[in-house]
file upload-v4.txt (compact mmCIF, C-alpha atoms and all ligand atoms)
# COMPACT_ATOMS: atom_id res chain seq x y z
CA MET A 87 -84.03 -108.99 -62.61
CA PRO A 88 -87.65 -109.84 -61.87
CA SER A 89 -89.81 -106.76 -61.37
CA LEU A 90 -93.33 -105.95 -60.22
CA HIS A 91 -96.07 -105.23 -62.77
CA TRP A 92 -99.71 -104.24 -62.43
CA SER A 93 -102.08 -103.08 -65.14
CA SER A 94 -101.92 -99.33 -64.46
CA LYS A 95 -98.18 -99.13 -63.69
CA SER A 96 -96.67 -96.04 -65.25
CA GLU A 97 -93.21 -94.54 -65.01
CA SER A 98 -94.37 -91.09 -66.04
CA ILE A 99 -94.72 -88.88 -62.99
CA PRO A 100 -97.68 -86.48 -62.74
CA GLN A 101 -96.18 -82.99 -62.84
CA GLY A 102 -97.05 -79.73 -61.10
CA GLY A 103 -96.77 -78.25 -57.65
CA LYS A 104 -95.91 -74.82 -56.29
CA LEU A 105 -95.14 -73.79 -52.70
CA GLU A 106 -96.13 -70.60 -50.97
CA THR A 107 -94.82 -69.46 -47.58
CA ASP A 108 -97.55 -68.94 -44.99
CA ALA A 109 -95.58 -68.41 -41.78
CA VAL A 110 -92.16 -68.52 -40.18
CA LEU A 111 -92.00 -70.10 -36.75
CA TYR A 112 -89.38 -68.96 -34.25
CA PRO A 113 -89.80 -71.44 -31.41
CA PHE A 114 -87.43 -69.54 -29.11
CA GLU A 115 -89.08 -67.01 -26.84
CA GLY A 116 -87.87 -63.61 -27.87
CA GLY A 117 -85.43 -65.15 -30.38
CA GLU A 118 -83.94 -62.87 -32.98
CA SER A 119 -85.15 -63.34 -36.50
CA VAL A 120 -83.31 -65.79 -38.69
CA PRO A 121 -83.56 -64.50 -42.26
CA GLN A 122 -83.39 -67.87 -44.00
CA PRO A 123 -85.17 -70.59 -42.04
CA ASP A 124 -83.40 -73.83 -42.73
CA SER A 125 -86.21 -76.23 -41.84
CA GLN A 126 -89.68 -76.52 -43.33
CA LEU A 127 -93.14 -77.84 -42.49
CA ILE A 128 -95.18 -78.13 -45.67
CA LEU A 129 -98.92 -78.69 -46.08
CA GLY A 130 -99.92 -80.44 -49.29
CA ASP A 131 -100.02 -83.64 -51.28
CA ASN A 132 -96.49 -84.92 -51.14
CA LEU A 133 -96.20 -85.72 -54.85
CA ARG A 134 -96.87 -82.08 -55.74
CA VAL A 135 -94.72 -80.96 -52.80
CA MET A 136 -91.79 -83.06 -54.03
CA ASN A 137 -92.32 -81.83 -57.61
CA ALA A 138 -92.06 -78.28 -56.29
CA LEU A 139 -88.91 -79.07 -54.29
CA ILE A 140 -87.03 -80.87 -57.08
CA PRO A 141 -85.62 -77.77 -58.84
CA GLU A 142 -83.89 -76.69 -55.60
CA TYR A 143 -83.36 -79.97 -53.76
CA GLU A 144 -82.72 -82.68 -56.37
CA GLY A 145 -79.79 -84.78 -55.09
CA LYS A 146 -79.53 -82.65 -51.93
CA ILE A 147 -81.39 -84.52 -49.18
CA ASP A 148 -79.14 -86.66 -47.00
CA LEU A 149 -81.75 -88.89 -45.39
CA ILE A 150 -85.39 -89.64 -46.17
CA TYR A 151 -87.68 -91.61 -43.87
CA ALA A 152 -91.09 -92.57 -45.24
CA ASP A 153 -93.96 -93.94 -43.18
CA PRO A 154 -96.88 -93.97 -45.65
CA PRO A 155 -100.35 -95.40 -45.11
CA PHE A 156 -99.94 -99.20 -44.86
CA PHE A 157 -102.89 -100.31 -47.08
CA THR A 158 -104.94 -101.26 -44.03
CA ASN A 159 -108.20 -99.99 -45.58
CA LYS A 160 -109.10 -98.13 -42.39
CA GLY A 161 -109.78 -94.51 -41.55
CA TYR A 162 -107.69 -93.30 -38.60
CA SER A 163 -109.06 -90.85 -36.06
CA ALA A 164 -107.10 -88.37 -33.99
CA ARG A 165 -107.81 -87.74 -30.32
CA VAL A 166 -107.95 -84.08 -29.52
CA GLY A 167 -108.84 -81.76 -26.68
CA ARG A 168 -107.67 -82.06 -23.13
CA GLY A 169 -104.92 -84.66 -22.56
CA GLU A 170 -106.30 -87.96 -23.78
CA ASP A 171 -104.54 -89.77 -20.95
CA SER A 172 -106.70 -87.89 -18.45
CA ARG A 173 -108.81 -91.11 -18.61
CA GLN A 174 -111.87 -88.92 -18.88
CA PRO A 175 -113.15 -89.33 -22.44
CA LYS A 176 -115.52 -86.41 -21.95
CA GLU A 177 -112.46 -84.16 -21.91
CA TRP A 178 -111.15 -85.31 -25.27
CA GLN A 179 -112.87 -86.11 -28.54
CA LEU A 180 -112.31 -87.99 -31.77
CA ALA A 181 -111.51 -85.99 -34.88
CA GLU A 182 -110.49 -86.83 -38.40
CA GLY A 183 -106.92 -88.15 -38.60
CA TYR A 184 -106.08 -89.54 -42.03
CA PRO A 185 -107.55 -92.11 -44.42
CA ASP A 186 -105.84 -95.34 -45.51
CA GLN A 187 -108.59 -96.53 -47.85
CA TRP A 188 -108.05 -97.74 -51.41
CA LYS A 189 -110.09 -99.15 -54.27
CA ASP A 190 -107.63 -102.01 -54.63
CA LEU A 191 -103.94 -102.85 -54.44
CA ASP A 192 -103.32 -101.38 -57.91
CA ALA A 193 -104.61 -98.00 -56.68
CA TYR A 194 -102.25 -98.17 -53.71
CA LEU A 195 -99.26 -99.05 -55.91
CA ASP A 196 -100.18 -96.21 -58.30
CA PHE A 197 -99.96 -93.94 -55.25
CA LEU A 198 -96.71 -95.31 -53.81
CA TYR A 199 -94.60 -95.87 -56.93
CA PRO A 200 -94.25 -92.27 -58.26
CA ARG A 201 -93.59 -91.03 -54.73
CA LEU A 202 -90.75 -93.52 -54.25
CA ILE A 203 -89.27 -92.40 -57.59
CA GLN A 204 -89.38 -88.73 -56.52
CA MET A 205 -87.83 -89.46 -53.11
CA HIS A 206 -84.99 -91.32 -54.84
CA LYS A 207 -84.47 -88.27 -57.08
CA LEU A 208 -84.30 -85.91 -54.09
CA LEU A 209 -81.80 -88.07 -52.24
CA SER A 210 -78.14 -87.06 -52.37
CA PRO A 211 -75.69 -89.47 -54.06
CA THR A 212 -74.54 -90.57 -50.59
CA GLY A 213 -78.03 -90.47 -49.07
CA SER A 214 -80.06 -93.15 -47.28
CA PHE A 215 -83.71 -94.04 -47.51
CA TYR A 216 -85.89 -95.86 -44.93
CA LEU A 217 -89.37 -97.10 -45.84
CA HIS A 218 -91.59 -98.12 -42.93
CA LEU A 219 -94.44 -100.59 -43.70
CA ASP A 220 -95.92 -103.81 -42.36
CA TRP A 221 -97.11 -107.16 -43.71
CA HIS A 222 -99.85 -105.61 -45.89
CA VAL A 223 -97.57 -104.40 -48.72
CA ASN A 224 -93.99 -104.71 -47.54
CA SER A 225 -93.11 -107.40 -50.10
CA TYR A 226 -94.49 -105.33 -53.01
CA ALA A 227 -92.58 -102.26 -51.83
CA ARG A 228 -89.39 -104.31 -51.64
CA MET A 229 -89.75 -105.16 -55.35
CA LEU A 230 -90.32 -101.50 -56.22
CA LEU A 231 -87.33 -100.34 -54.20
CA ASP A 232 -85.09 -103.01 -55.71
CA GLU A 233 -86.13 -101.63 -59.11
CA ILE A 234 -85.57 -97.96 -58.16
CA PHE A 235 -82.50 -98.20 -55.88
CA GLY A 236 -80.98 -101.47 -57.15
CA TYR A 237 -81.07 -104.82 -55.39
CA ASP A 238 -77.48 -104.36 -54.22
CA ASN A 239 -78.33 -101.16 -52.39
CA LEU A 240 -80.59 -102.79 -49.84
CA ARG A 241 -78.66 -102.36 -46.59
CA ASN A 242 -81.14 -103.88 -44.10
CA GLU A 243 -84.62 -105.13 -43.62
CA ILE A 244 -85.21 -103.90 -40.07
CA ILE A 245 -87.90 -105.46 -37.93
CA TRP A 246 -89.45 -103.21 -35.32
CA THR A 247 -91.16 -105.38 -32.70
CA TYR A 248 -93.55 -104.22 -30.00
CA HIS A 249 -96.33 -105.70 -27.93
CA GLY A 250 -99.92 -104.84 -27.06
CA PRO A 251 -103.45 -106.21 -27.08
CA SER A 252 -104.94 -107.72 -30.23
CA PRO A 253 -108.32 -109.22 -31.17
CA ILE A 254 -106.65 -111.90 -33.37
CA ARG A 255 -107.52 -115.48 -32.37
CA ARG A 256 -106.92 -117.44 -35.57
CA ALA A 257 -103.34 -116.41 -36.27
CA TYR A 258 -100.33 -115.20 -34.27
CA ASN A 259 -100.49 -111.64 -32.97
CA ARG A 260 -99.09 -109.32 -35.61
CA LYS A 261 -96.62 -107.29 -33.59
CA HIS A 262 -93.87 -106.15 -35.91
CA ASP A 263 -93.34 -103.64 -38.71
CA MET A 264 -90.63 -103.73 -41.38
CA ILE A 265 -88.33 -100.86 -42.24
CA LEU A 266 -86.49 -101.27 -45.55
CA PHE A 267 -83.19 -99.40 -45.50
CA TYR A 268 -81.55 -98.58 -48.86
CA SER A 269 -78.65 -96.35 -49.78
CA LYS A 270 -78.47 -94.52 -53.08
CA SER A 271 -74.95 -95.81 -53.73
CA LYS A 272 -72.22 -97.82 -52.06
CA GLN A 273 -70.94 -94.64 -50.43
CA TYR A 274 -73.24 -93.66 -47.62
CA THR A 275 -73.14 -92.36 -44.06
CA PHE A 276 -73.36 -94.98 -41.34
CA ASN A 277 -72.21 -93.71 -37.93
CA VAL A 278 -71.99 -97.03 -36.20
CA ASP A 279 -70.48 -95.62 -32.99
CA GLN A 280 -73.43 -93.25 -32.56
CA VAL A 281 -75.94 -96.08 -32.24
CA ARG A 282 -74.13 -98.75 -30.26
CA ILE A 283 -76.13 -100.34 -27.44
CA PRO A 284 -75.01 -102.14 -24.25
CA TYR A 285 -74.33 -105.88 -24.42
CA ASN A 286 -76.84 -108.18 -22.71
CA PRO A 287 -75.82 -109.17 -19.15
CA SER A 288 -75.65 -112.85 -20.21
CA THR A 289 -73.27 -111.96 -23.06
CA LEU A 290 -71.07 -110.04 -20.59
CA GLU A 291 -70.88 -113.19 -18.46
CA THR A 292 -69.77 -115.22 -21.47
CA PHE A 293 -67.10 -112.65 -22.31
CA LYS A 294 -65.76 -112.86 -18.77
CA SER A 295 -65.01 -116.56 -19.22
CA SER A 296 -63.51 -116.23 -22.71
CA LYS A 297 -61.37 -113.34 -23.89
CA LYS A 298 -62.54 -113.74 -27.48
CA ALA A 299 -66.09 -113.27 -28.68
CA GLY A 300 -67.64 -114.35 -32.00
CA PHE A 301 -65.40 -113.89 -35.06
CA GLY A 302 -62.34 -114.16 -32.79
CA LYS A 303 -62.38 -110.45 -31.89
CA VAL A 304 -61.87 -109.04 -28.40
CA PRO A 305 -65.10 -107.17 -27.71
CA ASP A 306 -65.02 -103.63 -26.42
CA LEU A 307 -67.53 -103.99 -23.64
CA GLU A 308 -67.50 -100.30 -22.75
CA ARG A 309 -68.27 -99.23 -26.30
CA GLY A 310 -71.26 -101.58 -26.62
CA LYS A 311 -72.45 -103.56 -29.61
CA VAL A 312 -73.83 -102.71 -33.04
CA PRO A 313 -77.62 -103.05 -32.84
CA GLU A 314 -79.17 -106.04 -34.56
CA ASP A 315 -81.60 -105.54 -37.46
CA TRP A 316 -84.52 -106.17 -35.09
CA TRP A 317 -85.44 -103.41 -32.65
CA TYR A 318 -87.74 -103.48 -29.70
CA PHE A 319 -89.35 -100.14 -28.76
CA PRO A 320 -92.80 -99.83 -27.14
CA VAL A 321 -95.49 -98.35 -29.38
CA VAL A 322 -96.72 -94.83 -28.58
CA ALA A 323 -99.85 -96.07 -26.81
CA ARG A 324 -102.09 -94.14 -24.44
CA LEU A 325 -100.05 -92.91 -21.43
CA HIS A 326 -96.80 -92.94 -23.45
CA LYS A 327 -95.09 -89.64 -22.70
CA GLU A 328 -94.67 -88.81 -26.42
CA ARG A 329 -98.33 -89.38 -27.28
CA THR A 330 -99.95 -86.50 -29.17
CA GLY A 331 -103.27 -88.14 -30.08
CA TYR A 332 -102.36 -88.13 -33.80
CA PRO A 333 -102.92 -91.66 -35.15
CA THR A 334 -100.11 -94.17 -35.87
CA GLN A 335 -97.46 -91.93 -34.31
CA LYS A 336 -94.05 -93.67 -34.21
CA PRO A 337 -91.63 -93.64 -31.23
CA GLU A 338 -88.95 -90.95 -31.24
CA ARG A 339 -86.33 -93.58 -30.40
CA ILE A 340 -86.75 -95.19 -33.82
CA MET A 341 -86.18 -91.86 -35.51
CA GLU A 342 -83.26 -90.96 -33.24
CA ARG A 343 -81.49 -94.19 -34.10
CA ILE A 344 -82.07 -93.75 -37.84
CA ILE A 345 -81.01 -90.10 -37.84
CA LEU A 346 -77.89 -90.68 -35.72
CA ALA A 347 -76.77 -93.62 -37.88
CA SER A 348 -77.56 -92.22 -41.31
CA SER A 349 -76.88 -88.48 -41.10
CA ASN A 350 -74.52 -85.95 -39.55
CA PRO A 351 -75.24 -82.67 -37.70
CA GLY A 352 -76.23 -79.99 -40.23
CA ASP A 353 -77.50 -82.57 -42.76
CA LEU A 354 -80.93 -82.32 -44.32
CA VAL A 355 -83.47 -84.96 -43.25
CA ALA A 356 -86.89 -85.27 -44.92
CA ASP A 357 -90.15 -87.00 -44.13
CA PHE A 358 -92.91 -86.52 -46.73
CA PHE A 359 -95.44 -88.51 -44.68
CA GLY A 360 -94.69 -86.43 -41.61
CA GLY A 361 -97.79 -87.20 -39.48
CA ALA A 362 -97.30 -85.97 -35.91
CA GLY A 363 -93.81 -84.67 -36.76
CA THR A 364 -91.72 -87.38 -35.08
CA THR A 365 -88.93 -87.03 -37.64
CA ALA A 366 -88.97 -83.22 -37.42
CA VAL A 367 -88.70 -83.23 -33.63
CA ALA A 368 -85.93 -85.83 -33.55
CA ALA A 369 -84.03 -84.05 -36.33
CA SER A 370 -84.22 -80.62 -34.68
CA ARG A 371 -83.07 -82.09 -31.37
CA LEU A 372 -80.10 -83.71 -33.09
CA ASN A 373 -79.20 -80.49 -34.92
CA ARG A 374 -80.22 -81.65 -38.36
CA ARG A 375 -82.24 -79.49 -40.76
CA PHE A 376 -85.57 -80.99 -41.77
CA ILE A 377 -88.37 -80.94 -44.31
CA SER A 378 -91.60 -82.48 -43.06
CA SER A 379 -94.79 -82.50 -45.10
CA ASP A 380 -98.28 -83.91 -44.82
CA ASN A 381 -101.60 -83.30 -46.57
CA GLN A 382 -103.55 -83.11 -43.30
CA LEU A 383 -103.77 -79.75 -41.57
CA ARG A 384 -104.02 -81.56 -38.24
CA ALA A 385 -100.69 -83.28 -38.88
CA LEU A 386 -99.03 -79.95 -39.60
CA HIS A 387 -100.57 -78.35 -36.54
CA THR A 388 -99.53 -81.30 -34.33
CA SER A 389 -95.95 -81.11 -35.66
CA ARG A 390 -95.78 -77.37 -35.06
CA SER A 391 -97.11 -77.62 -31.50
CA ARG A 392 -94.73 -80.47 -30.84
CA LEU A 393 -91.69 -78.54 -32.05
CA VAL A 394 -92.67 -75.59 -29.86
CA LEU A 395 -93.29 -77.74 -26.75
CA ASP A 396 -90.05 -79.64 -27.31
CA VAL A 397 -87.98 -76.46 -27.54
CA GLN A 398 -89.75 -74.97 -24.51
CA SER A 399 -89.04 -78.05 -22.39
CA ARG A 400 -85.40 -78.16 -23.49
CA MET A 401 -85.06 -74.46 -22.69
CA LYS A 402 -86.33 -75.22 -19.19
CA GLU A 403 -83.71 -77.91 -18.87
CA LYS A 404 -81.20 -75.40 -20.33
CA GLU A 405 -80.19 -77.77 -23.10
CA VAL A 406 -80.79 -75.01 -25.60
CA ALA A 407 -79.99 -71.34 -25.23
CA SER A 408 -82.68 -68.71 -25.64
CA GLY A 409 -82.21 -66.84 -28.87
CA SER A 410 -80.35 -69.63 -30.64
CA GLU A 411 -80.87 -69.56 -34.33
CA TYR A 412 -83.64 -71.92 -35.21
CA SER A 413 -86.67 -71.29 -37.32
CA VAL A 414 -89.10 -73.21 -39.46
CA LYS A 415 -90.68 -72.03 -42.68
CA ILE A 416 -94.31 -73.13 -42.86
CA GLN A 417 -95.27 -73.62 -46.48
CA ARG A 418 -98.36 -74.81 -48.26
CA GLU A 419 -98.73 -76.38 -51.64
CA THR A 420 -100.90 -73.92 -53.52
CA ALA A 421 -103.42 -76.49 -54.69
CA VAL A 422 -104.40 -77.08 -51.08
CA GLU A 423 -107.27 -74.92 -49.86
CA LYS A 424 -106.18 -71.94 -47.81
CA ILE A 425 -106.51 -72.25 -44.06
CA SER A 426 -109.80 -70.59 -43.22
CA LYS A 427 -109.26 -67.17 -41.77
CA LEU A 428 -112.52 -66.56 -39.98
CA SER A 429 -113.38 -63.31 -38.32
CA ALA A 430 -112.45 -63.72 -34.69
CA LYS A 431 -114.79 -60.98 -33.46
CA GLU A 432 -117.29 -63.50 -32.17
CA PHE A 433 -114.57 -64.92 -29.96
CA GLY A 434 -114.06 -61.55 -28.28
CA LEU A 435 -110.33 -61.61 -28.68
CA SER A 436 -109.75 -57.97 -27.89
CA THR A 437 -108.79 -58.72 -24.31
CA LEU A 438 -105.53 -56.85 -23.83
CA ASP A 439 -104.36 -56.37 -20.24
CA ASP A 440 -104.29 -52.80 -18.86
CA ASN A 441 -100.56 -52.39 -19.17
CA GLN A 442 -100.65 -53.70 -22.75
CA GLU A 443 -97.82 -56.13 -22.11
CA ARG A 444 -99.73 -59.37 -22.34
CA ILE A 445 -102.53 -60.79 -24.39
CA THR A 446 -104.89 -62.98 -22.42
CA LEU A 447 -107.44 -65.33 -23.90
CA PRO A 448 -110.92 -64.89 -22.47
CA PRO A 449 -111.68 -67.85 -20.15
CA GLU A 450 -114.59 -69.05 -22.33
CA LEU A 451 -112.16 -69.47 -25.25
CA LEU A 452 -109.49 -71.34 -23.36
CA SER A 453 -111.12 -74.76 -23.63
CA GLN A 454 -111.66 -74.37 -27.39
CA VAL A 455 -108.12 -73.44 -28.37
CA ASP A 456 -105.30 -75.91 -28.89
CA TYR A 457 -102.47 -73.60 -29.89
CA TRP A 458 -101.97 -69.87 -30.32
CA GLU A 459 -99.17 -67.64 -31.52
CA VAL A 460 -98.31 -64.00 -32.03
CA ASP A 461 -96.62 -61.99 -34.75
CA PRO A 462 -95.90 -58.72 -32.89
CA ASP A 463 -95.02 -56.83 -36.07
CA TRP A 464 -97.49 -58.04 -38.68
CA LYS A 465 -96.66 -56.82 -42.17
CA GLY A 466 -99.69 -58.35 -43.80
CA GLU A 467 -98.32 -61.36 -45.66
CA ILE A 468 -96.03 -63.95 -44.07
CA PHE A 469 -96.88 -64.62 -40.44
CA GLN A 470 -93.73 -64.30 -38.30
CA SER A 471 -94.55 -66.45 -35.29
CA ARG A 472 -92.39 -65.03 -32.45
CA ILE A 473 -94.27 -66.25 -29.39
CA GLN A 474 -96.27 -69.42 -29.08
CA ALA A 475 -98.46 -71.18 -26.52
CA ALA A 476 -99.30 -74.83 -27.08
CA ARG A 477 -101.56 -77.19 -25.14
CA SER A 478 -99.37 -79.73 -23.33
CA TRP A 479 -100.05 -83.27 -24.50
CA ARG A 480 -100.25 -84.95 -21.12
CA LYS A 481 -101.98 -82.45 -18.88
CA GLY A 482 -103.89 -80.82 -21.70
CA GLU A 483 -103.26 -77.33 -20.32
CA LEU A 484 -102.91 -74.25 -22.49
CA PRO A 485 -101.14 -71.07 -21.28
CA ALA A 486 -103.83 -68.39 -21.14
CA SER A 487 -101.50 -65.38 -21.57
CA ILE A 488 -98.69 -64.42 -23.88
CA SER A 489 -96.15 -61.71 -23.02
CA LEU A 490 -95.49 -59.23 -25.78
CA PRO A 491 -92.10 -57.76 -26.68
CA GLU A 492 -91.42 -54.16 -25.56
CA THR A 493 -91.94 -52.74 -29.01
CA CYS A 494 -94.71 -54.01 -31.18
CA GLY A 495 -96.15 -52.92 -34.49
CA GLU A 496 -99.48 -54.23 -35.64
CA ILE A 497 -100.15 -57.42 -33.68
CA CYS A 498 -101.45 -60.50 -35.45
CA LEU A 499 -102.81 -63.35 -33.39
CA ARG A 500 -103.37 -66.83 -34.78
CA LEU A 501 -105.30 -69.53 -32.98
CA VAL A 502 -105.88 -73.17 -33.83
CA LEU A 503 -109.07 -74.51 -32.32
CA ILE A 504 -109.26 -78.10 -31.15
CA ASP A 505 -111.39 -79.01 -34.17
CA GLY A 506 -108.46 -77.91 -36.36
CA THR A 507 -109.91 -74.57 -37.55
CA GLN A 508 -107.40 -71.75 -37.70
CA ILE A 509 -108.44 -68.19 -37.03
CA GLN A 510 -106.57 -64.93 -37.19
CA GLN A 511 -107.10 -61.53 -35.56
CA ILE A 512 -105.21 -58.28 -36.07
CA PHE A 513 -104.86 -55.59 -33.40
CA LYS A 514 -103.95 -52.16 -34.64
C1 LIG A 601 -98.38 -93.54 -40.92
S1 LIG A 601 -98.72 -91.85 -40.82
C2 LIG A 601 -97.16 -91.14 -40.40
C3 LIG A 601 -96.92 -91.12 -38.93
C4 LIG A 601 -95.61 -90.45 -38.54
N1 LIG A 601 -94.46 -91.23 -38.89
C5 LIG A 601 -95.59 -90.14 -37.05
O1 LIG A 601 -94.70 -90.62 -36.33
O2 LIG A 601 -96.48 -89.44 -36.60
C6 LIG A 601 -98.90 -91.43 -42.52
C7 LIG A 601 -99.10 -89.97 -42.80
O3 LIG A 601 -99.05 -89.78 -44.22
C8 LIG A 601 -99.93 -88.74 -44.54
N2 LIG A 601 -100.24 -88.82 -45.98
C9 LIG A 601 -100.96 -89.77 -46.62
N3 LIG A 601 -101.03 -89.49 -47.93
C10 LIG A 601 -100.35 -88.35 -48.13
C11 LIG A 601 -100.07 -87.56 -49.27
N4 LIG A 601 -100.51 -87.89 -50.49
N5 LIG A 601 -99.35 -86.43 -49.12
C12 LIG A 601 -98.89 -86.07 -47.88
N6 LIG A 601 -99.11 -86.79 -46.76
C13 LIG A 601 -99.84 -87.92 -46.89
C14 LIG A 601 -101.13 -88.97 -43.64
O4 LIG A 601 -101.90 -87.80 -43.48
C15 LIG A 601 -100.44 -89.42 -42.34
O5 LIG A 601 -100.25 -88.33 -41.49
call {"tool": "encode", "arguments": {"input": "upload-v4.txt", "output": "structure tokens", "more": "lines below"}}
Ligand SMILES: C[S@@+](CC[C@H](N)C(=O)[O-])C[C@H]1O[C@@H](n2cnc3c(N)ncnc32)[C@H](O)[C@@H]1O
result
Amino acid sequence: MPSLHWSSKSESIPQGGKLETDAVLYPFEGGESVPQPDSQLILGDNLRVMNALIPEYEGKIDLIYADPPFFTNKGYSARVGRGEDSRQPKEWQLAEGYPDQWKDLDAYLDFLYPRLIQMHKLLSPTGSFYLHLDWHVNSYARMLLDEIFGYDNLRNEIIWTYHGPSPIRRAYNRKHDMILFYSKSKQYTFNVDQVRIPYNPSTLETFKSSKKAGFGKVPDLERGKVPEDWWYFPVVARLHKERTGYPTQKPERIMERIILASSNPGDLVADFFGGAGTTAVAASRLNRRFISSDNQLRALHTSRSRLVLDVQSRMKEKEVASGSEYSVKIQRETAVEKISKLSAKEFGLSTLDDNQERITLPPELLSQVDYWEVDPDWKGEIFQSRIQAARSWRKGELPASISLPETCGEICLRLVLIDGTQIQQIFK
């Protein structure tokens, strides 16, 4: 088999990595505690994160989706503050998103290759792997995956097409990404009936005039067809209802299709380039457990807010029952600097209502905070997030008050400011 070589290629994987639990998130209002959270958001470099997970999770993850930087040599900004789609830029601002800048292609391949090896190791023997890239390095990644997974285990090269403006005038508009889909072995989950789509109206017309479709089979028009390996979904542009402001966020429908086809309820789905948490949200909605990691605090914060807002909106629609067992362990890789825990005194956070049943943010703080949460029985180590308030993506509004449970111990309040700083305050 031909294989890809570059001068610094090395099969030895840098070792090291240790995880430490920072918080447990219970996104159900008043939900009972779940002793062993089965999903995780992890802050840290994903190579060290995967190293730390291998002793427990080697061969245990059913589906991995990876959407790494694409080798665009750009820095991506996030849009934060009041809903970006308010069309009033003064109400939102640009903040650091994540870098996709490399010395050269060798440096990028040195980054990608060990991570692909570790993801393959974590995958279960019947697991599936999806790698999302575009024209910049897709062909190099294909060679690496053929080497790691085996040429015969490529199941599809999926093309995701979309449309939108482009400054390009001397070539065709580049409006598709590639998703390489491999399985670890010939035995893998593929729930074809979960992802069928309706036939085109013109195809239905053809079927009416001839009982037999292609390959001489009678089509089941009700059941729909197996999707092609090219998918059209609009990008998550400004005004898209899923838009969080985190850069290069992917549509939930891509993740829903991948998760439905390549995993079953209860399975473990991982995304080590988690970004805005698209995989985590889709997985939790489809009753899969998830591990989502990223080395940017903003990505972790966006994912956490998004999980909370998603559960709250589904509770409103009564799709999920209050108190259902669902919790997320928030971990950090120990090499990553601790989240700054500034004294919150200057923010005047001691505003408890008279009857002591609610905590209300002072009005002057409201515009600076993006997300806040309460541990009503703080024991001094792992933050047990029982009640949360997140800024809604579209309207940009943040609930100003949080109701406390009837019995509280020491109350710990955590706030994430719109610039990404996290602060903590304890009320005796
Ligand atoms: C293309 S974005 C992922 C977007 C995501 N699929 C979504 O829908 O929001 C790539 C992500 O990989 C993260 N990333 C890059 N290098 C990383 C590393 N070494 N460890 C962990 N995360 C990393 C970036 O911070 C960024 O959030």
call {"tool": "closest_atom_pairs", "arguments": {"input": "upload-v4.txt", "of": "chain A", "to": "ligand LIG 601 (chain A)", "cutoff": "6 Å", "atoms": "only C-alpha atoms and all ligand atoms", "output": "JSON lines"}}
result
{"residue": "A:Gly130", "atom": "CA", "partner": "A:LIG601", "partner_atom": "C12", "distance": 5.9}
{"residue": "A:Asp131", "atom": "CA", "partner": "A:LIG601", "partner_atom": "N5", "distance": 3.6}
{"residue": "A:Asn132", "atom": "CA", "partner": "A:LIG601", "partner_atom": "N5", "distance": 3.8}
{"residue": "A:Asp153", "atom": "CA", "partner": "A:LIG601", "partner_atom": "C1", "distance": 5.0}
{"residue": "A:Pro154", "atom": "CA", "partner": "A:LIG601", "partner_atom": "C6", "distance": 4.5}
{"residue": "A:Pro155", "atom": "CA", "partner": "A:LIG601", "partner_atom": "C6", "distance": 5.0}
{"residue": "A:Tyr184", "atom": "CA", "partner": "A:LIG601", "partner_atom": "O4", "distance": 4.8}
{"residue": "A:Thr334", "atom": "CA", "partner": "A:LIG601", "partner_atom": "C3", "distance": 5.4}
{"residue": "A:Gln335", "atom": "CA", "partner": "A:LIG601", "partner_atom": "O2", "distance": 3.5}
{"residue": "A:Lys336", "atom": "CA", "partner": "A:LIG601", "partner_atom": "O1", "distance": 3.8}
{"residue": "A:Phe359", "atom": "CA", "partner": "A:LIG601", "partner_atom": "O3", "distance": 3.9}
{"residue": "A:Gly360", "atom": "CA", "partner": "A:LIG601", "partner_atom": "C4", "distance": 5.1}
{"residue": "A:Gly361", "atom": "CA", "partner": "A:LIG601", "partner_atom": "O5", "distance": 3.4}
{"residue": "A:Ala362", "atom": "CA", "partner": "A:LIG601", "partner_atom": "O2", "distance": 3.6}
{"residue": "A:Gly363", "atom": "CA", "partner": "A:LIG601", "partner_atom": "O2", "distance": 5.5}
{"residue": "A:Thr364", "atom": "CA", "partner": "A:LIG601", "partner_atom": "O1", "distance": 4.6}
{"residue": "A:Asp380", "atom": "CA", "partner": "A:LIG601", "partner_atom": "N6", "distance": 3.6}
{"residue": "A:Asn381", "atom": "CA", "partner": "A:LIG601", "partner_atom": "C12", "distance": 4.1}
{"residue": "A:Gln382", "atom": "CA", "partner": "A:LIG601", "partner_atom": "O4", "distance": 5.0}
{"residue": "A:Ala385", "atom": "CA", "partner": "A:LIG601", "partner_atom": "O5", "distance": 5.7}
call {"tool": "closest_residue", "arguments": {"input": "upload-v4.txt", "among": "A:Val406, A:Ala369, A:Ala164, A:Ile473", "to": "Gly331 in chain A", "atoms": "all atoms listed in the file"}}
result
A:Ala164
call {"tool": "residues_around", "arguments": {"input": "upload-v4.txt", "residues": "Trp458 in chain A", "least_positions_apart": "4", "cutoff": "7 Å", "atoms": "only C-alpha atoms", "output": "VMD selection string"}}
result
chain A and resid 474 to 476 500 to 502
call {"tool": "atom_distance", "arguments": {"input": "upload-v4.txt", "atom1": "CA of Leu325 in chain A", "atom2": "CA of Tyr162 in chain A"}}
result
18.8 Å
call {"tool": "atom_distance", "arguments": {"input": "upload-v4.txt", "atom1": "CA of Thr507 in chain A", "atom2": "CA of Tyr457 in chain A"}}
result
10.7 Å
call {"tool": "closest_residue", "arguments": {"input": "upload-v4.txt", "among": "A:Trp92, A:Tyr285, A:Tyr151, A:Phe267", "to": "Leu191 in chain A", "atoms": "all atoms listed in the file"}}
result
A:Trp92
call {"tool": "atom_distance", "arguments": {"input": "upload-v4.txt", "atom1": "CA of Val312 in chain A", "atom2": "CA of Gly145 in chain A"}}
result
29.0 Å
